[in-house]
Amino acid sequence: MYADENVIKIKHAVLLEVAKAAFAGNLDEIRDDIPFTLIPGPTPQFRCCIYKEREIIRQRVRLAEGKAPSANDDGNIIQVISSACEDCPISSYTVTENCQNCLGKACINACKFGAIEAGRLRSHIDPQKCKECGRCAQACPYNAIAHLKRPCKFSCPVNAITYNEYGISVIDESKCIRCGKCIHSCPFGAIGSKTYIVDVIDAIKSDNKHVYAMVAPAAEGQFGANITMNSWKKAMQAVGFNGFVEVALGGDMTAAYEADEWLEAYEAGEKKVTSCCPGFVNMVRKHYPELADKISTTVSPMCAVSRMIKAKDPDAVTVFIGPCVAKKSEVHDQKIEDNADYVLTFSEIRVIMKAKGVQLEADDTSYQEGSVFGKRFANSGGVTAAVIESMKEKGEDVDCKVCKANGAAECKKALLLMKAGKLPENFIEGMACEGGCVGGPSNLKQEMAFKKDRDAVIAKADGRGVWENLKNYDMDSFSMHRSYEKPEA
């Protein structure tokens, strides 16, 4: 369960109003009315007053349009909604009622910054002076000083979140890896990501654009054992997309070409890290820049499918749909040529579907473009399994060892070992989310809640191999690497 469970309804209500207006073509006319539509008053629904609630809705509308909540935009796809972020305590150390106001004053004596003073009933911590060293809490014989961890700050794996003098959270853009863990950790829903909803709807409505939906393999099982890729294909056609491809095919493509890179590096005695998880790639580039040259040059499955589509249809607009917030960063920040044009989370595509009156319907598994290995790309360890399978299919018998870093904490540990030259394995498969993409921040269910359904759906797939599958596609019509020259038509 997410910490912002009750706030999610508010988020989705805003997105739905924006989506409906975008389809109707009157967003400019009704934009300022949305806060009043959702917060009619006179009684506030979830904050102190309707004026604060309406301001929060107004800032959410800006996020839904792909803008920063306020005029200040640092370019990060993850933003703090300042009007919603005002209720967390400024000081992370607080004196509780357990304080006996004792004569010993161990807490005051332990503080080296003069941040604690005696009060009439209990000691008091001055948040302006407190350096959060924790010495007072350790010294108190009654354990009367509690360490209150800000959920967003505590959830961030790279310490990118601090807060200003007003207690409002601040995301350090230079440290943030765009993993999105902070978004659902905030019980006030004060952190969100910019969306491409309006851009995608405008593209769908355009007469001269061919818009393709590309659904992540993490979708399988997420919506039930009977919701297949065929279900998604038909639903996306009903929404107005011109074409559809399952990104498990891109998993096969990435595995095949990454296998070649791994073999080359293995023979040269070099180490490599995977490139398919943008949160992990951001972590390497921002926090371990000396290892940036170890990142595989093979593009992600999302980019691979986008390039394949654009090689066939130069006018194509490609839209990736999945549970990953960092994929927005891959499109917005990394600027890889011919990558997806837009990214939608599961919540965002469901809002678009709802605005059009479309639902996912149970269907068969007759549509399949990825192997089981490509479909399992979304699970931690899935990339390794697909790459090794690709090697085997090519007759390569290599005893390479892979560190399967599951989650940001394990990724940091593995990268530190590689940086120090003490990593025993040859390669790192890095997944910023625990469990892999199936544990992404925009999943509708926790990974284990839909594991049974996911296994059931994938079990119905045929047993095609990675290279056996790729023989059906013109892999020479586009490049599978980051820096490249377009093949001539």
# chains A, B, ... in the order shown; residues from 1 in each chain; ligands from 1

$ residues_around --residues "region 274-288 of chain A" --least-positions-apart "3" --cutoff "6 Å" --atoms "only C-alpha atoms" --output "list in words"
Ile177, Cys179, Leu291, Ala292, Ile295, Ser296, Ser300, Ala326, Glu330, Glu429, Gly430, Met431 and Ala432 of chain A

$ residues_around --residues "Glu361 (chain A)" --least-positions-apart "3" --cutoff "10 Å" --atoms "only C-alpha atoms" --output "VMD selection string"
chain A and resid 223 226 to 228 230 to 232 234 to 235 358

$ write_last_selection --atoms "N, CA and C atoms" --output "mmCIF file, in the first residue's frame"
data_model
loop_
_atom_site.group_PDB
_atom_site.id
_atom_site.type_symbol
_atom_site.label_atom_id
_atom_site.label_comp_id
_atom_site.auth_asym_id
_atom_site.auth_seq_id
_atom_site.Cartn_x
_atom_site.Cartn_y
_atom_site.Cartn_z
ATOM 1 N N PHE A 223 -2.991 -6.304 -14.503
ATOM 2 C CA PHE A 223 -4.417 -5.995 -14.567
ATOM 3 C C PHE A 223 -5.291 -7.251 -14.541
ATOM 4 N N ASN A 226 -6.404 -12.464 -17.163
ATOM 5 C CA ASN A 226 -7.058 -12.523 -18.470
ATOM 6 C C ASN A 226 -6.823 -11.284 -19.327
ATOM 7 N N ILE A 227 -6.071 -10.325 -18.791
ATOM 8 C CA ILE A 227 -5.737 -9.129 -19.567
ATOM 9 C C ILE A 227 -4.387 -9.366 -20.234
ATOM 10 N N THR A 228 -4.426 -9.554 -21.529
ATOM 11 C CA THR A 228 -3.232 -9.914 -22.295
ATOM 12 C C THR A 228 -2.758 -8.730 -23.137
ATOM 13 N N ASN A 230 -3.016 -8.669 -26.218
ATOM 14 C CA ASN A 230 -4.100 -8.488 -27.186
ATOM 15 C C ASN A 230 -5.163 -7.550 -26.616
ATOM 16 N N SER A 231 -5.396 -7.657 -25.303
ATOM 17 C CA SER A 231 -6.324 -6.742 -24.630
ATOM 18 C C SER A 231 -5.842 -5.306 -24.788
ATOM 19 N N TRP A 232 -4.557 -5.121 -24.562
ATOM 20 C CA TRP A 232 -3.957 -3.791 -24.674
ATOM 21 C C TRP A 232 -4.008 -3.282 -26.117
ATOM 22 N N LYS A 234 -6.121 -3.925 -28.529
ATOM 23 C CA LYS A 234 -7.476 -3.512 -28.913
ATOM 24 C C LYS A 234 -7.898 -2.239 -28.179
ATOM 25 N N ALA A 235 -7.522 -2.126 -26.911
ATOM 26 C CA ALA A 235 -7.879 -0.932 -26.145
ATOM 27 C C ALA A 235 -7.186 0.303 -26.703
ATOM 28 N N VAL A 358 -13.032 3.824 -22.685
ATOM 29 C CA VAL A 358 -12.413 2.555 -23.099
ATOM 30 C C VAL A 358 -11.925 1.796 -21.873
#

$ residues_around --residues "Gly421 (chain A)" --least-positions-apart "3" --cutoff "12 Å" --atoms "only C-alpha atoms" --output "list in words"
Glu270, Lys271, Glu290, Leu291, Ala414, Leu415, Leu416, Leu417, Met418, Pro424, Glu425 and Asn426 of chain A

$ select_by_dssp --residues "region 31-185 of chain A" --states "strand (DSSP E or B)" --output "PyMOL selection string"
chain A and resi 78-80+93-95+116-117+124-125+145-147+161-163+169-171

$ residues_around --residues "Val170 (chain A)" --least-positions-apart "5" --cutoff "9 Å" --atoms "only C-alpha atoms" --output "JSON, numbers by chain"
{"A": [79, 80, 160, 161, 162, 163, 164]}

$ write_last_selection --atoms "N, CA and C atoms" --output "CSV table (one decimal), in the first residue's frame"
chain,number,residue,atom,x,y,z
A,79,GLN,N,8.6,16.9,-9.4
A,79,GLN,CA,8.5,18.2,-8.8
A,79,GLN,C,7.8,18.2,-7.5
A,80,VAL,N,8.1,19.1,-6.6
A,80,VAL,CA,7.4,19.3,-5.4
A,80,VAL,C,6.3,20.3,-5.6
A,160,ALA,N,18.8,13.1,-2.3
A,160,ALA,CA,18.6,14.2,-3.2
A,160,ALA,C,17.6,15.2,-2.6
A,161,ILE,N,17.0,14.8,-1.5
A,161,ILE,CA,15.9,15.7,-0.9
A,161,ILE,C,16.3,16.3,0.4
A,162,THR,N,16.2,17.6,0.4
A,162,THR,CA,16.4,18.4,1.7
A,162,THR,C,15.1,19.3,1.8
A,163,TYR,N,15.2,20.3,2.7
A,163,TYR,CA,14.1,21.2,2.8
A,163,TYR,C,14.6,22.6,3.2
A,164,ASN,N,13.8,23.6,2.8
A,164,ASN,CA,14.2,24.9,3.0
A,164,ASN,C,13.8,25.4,4.4

$ residues_around --residues "Cys156 (chain A)" --least-positions-apart "3" --cutoff "10 Å" --atoms "only C-alpha atoms" --output "PyMOL selection string"
chain A and resi 151-153+159-161+171+176-183+185+408

$ write_last_selection --atoms "N, CA and C atoms" --output "compact mmCIF listing (two decimals), in the first residue's frame"
# COMPACT_ATOMS: atom_id res chain seq x y z
N PRO A 151 9.15 11.26 5.20
CA PRO A 151 9.00 10.11 4.29
C PRO A 151 9.69 10.29 2.95
N CYS A 152 9.57 11.48 2.36
CA CYS A 152 10.19 11.68 1.04
C CYS A 152 11.71 11.62 1.13
N LYS A 153 12.24 12.30 2.15
CA LYS A 153 13.70 12.34 2.32
C LYS A 153 14.24 10.95 2.65
N ASN A 159 19.91 10.58 -1.42
CA ASN A 159 19.95 11.79 -0.58
C ASN A 159 19.79 13.08 -1.39
N ALA A 160 18.84 13.07 -2.31
CA ALA A 160 18.63 14.23 -3.17
C ALA A 160 17.61 15.21 -2.61
N ILE A 161 16.97 14.85 -1.47
CA ILE A 161 15.91 15.69 -0.92
C ILE A 161 16.32 16.34 0.40
N ILE A 171 14.14 19.25 -4.03
CA ILE A 171 14.83 18.16 -4.72
C ILE A 171 16.05 18.71 -5.44
N CYS A 176 19.24 13.95 -8.09
CA CYS A 176 18.04 13.14 -8.32
C CYS A 176 18.21 12.21 -9.52
N ILE A 177 17.89 10.91 -9.33
CA ILE A 177 18.02 9.94 -10.41
C ILE A 177 16.67 9.65 -11.06
N ARG A 178 15.63 10.39 -10.65
CA ARG A 178 14.29 10.30 -11.26
C ARG A 178 13.64 8.94 -11.06
N CYS A 179 14.00 8.22 -10.01
CA CYS A 179 13.43 6.89 -9.79
C CYS A 179 11.97 6.94 -9.38
N GLY A 180 11.54 8.05 -8.76
CA GLY A 180 10.15 8.23 -8.39
C GLY A 180 9.75 7.63 -7.06
N LYS A 181 10.70 7.12 -6.29
CA LYS A 181 10.35 6.52 -4.99
C LYS A 181 9.70 7.53 -4.05
N CYS A 182 10.08 8.78 -4.15
CA CYS A 182 9.55 9.80 -3.25
C CYS A 182 8.08 10.11 -3.51
N ILE A 183 7.62 9.88 -4.73
CA ILE A 183 6.27 10.31 -5.12
C ILE A 183 5.21 9.67 -4.24
N SER A 185 5.75 8.01 -1.48
CA SER A 185 6.12 7.95 -0.06
C SER A 185 5.53 9.11 0.71
N ALA A 408 17.77 0.10 -5.56
CA ALA A 408 18.78 1.15 -5.53
C ALA A 408 19.90 0.88 -4.53

$ closest_residue --among "A:Ala355, A:Met475, A:Val305, A:Ile191" --to "Asn76 (chain A)" --atoms "only C-alpha atoms"
A:Ile191

$ residues_around --residues "Asp397 (chain A)" --least-positions-apart "4" --cutoff "12 Å" --atoms "only C-alpha atoms" --output "ChimeraX atom specification"
/A:259,263,266,388-393

$ residues_around --residues "Val198 (chain A)" --least-positions-apart "4" --cutoff "8 Å" --atoms "only C-alpha atoms" --output "list of chain:residue names"
A:Val18, A:Ala19, A:Ala22, A:Ala64, A:Glu65, A:Gly66, A:Asp202
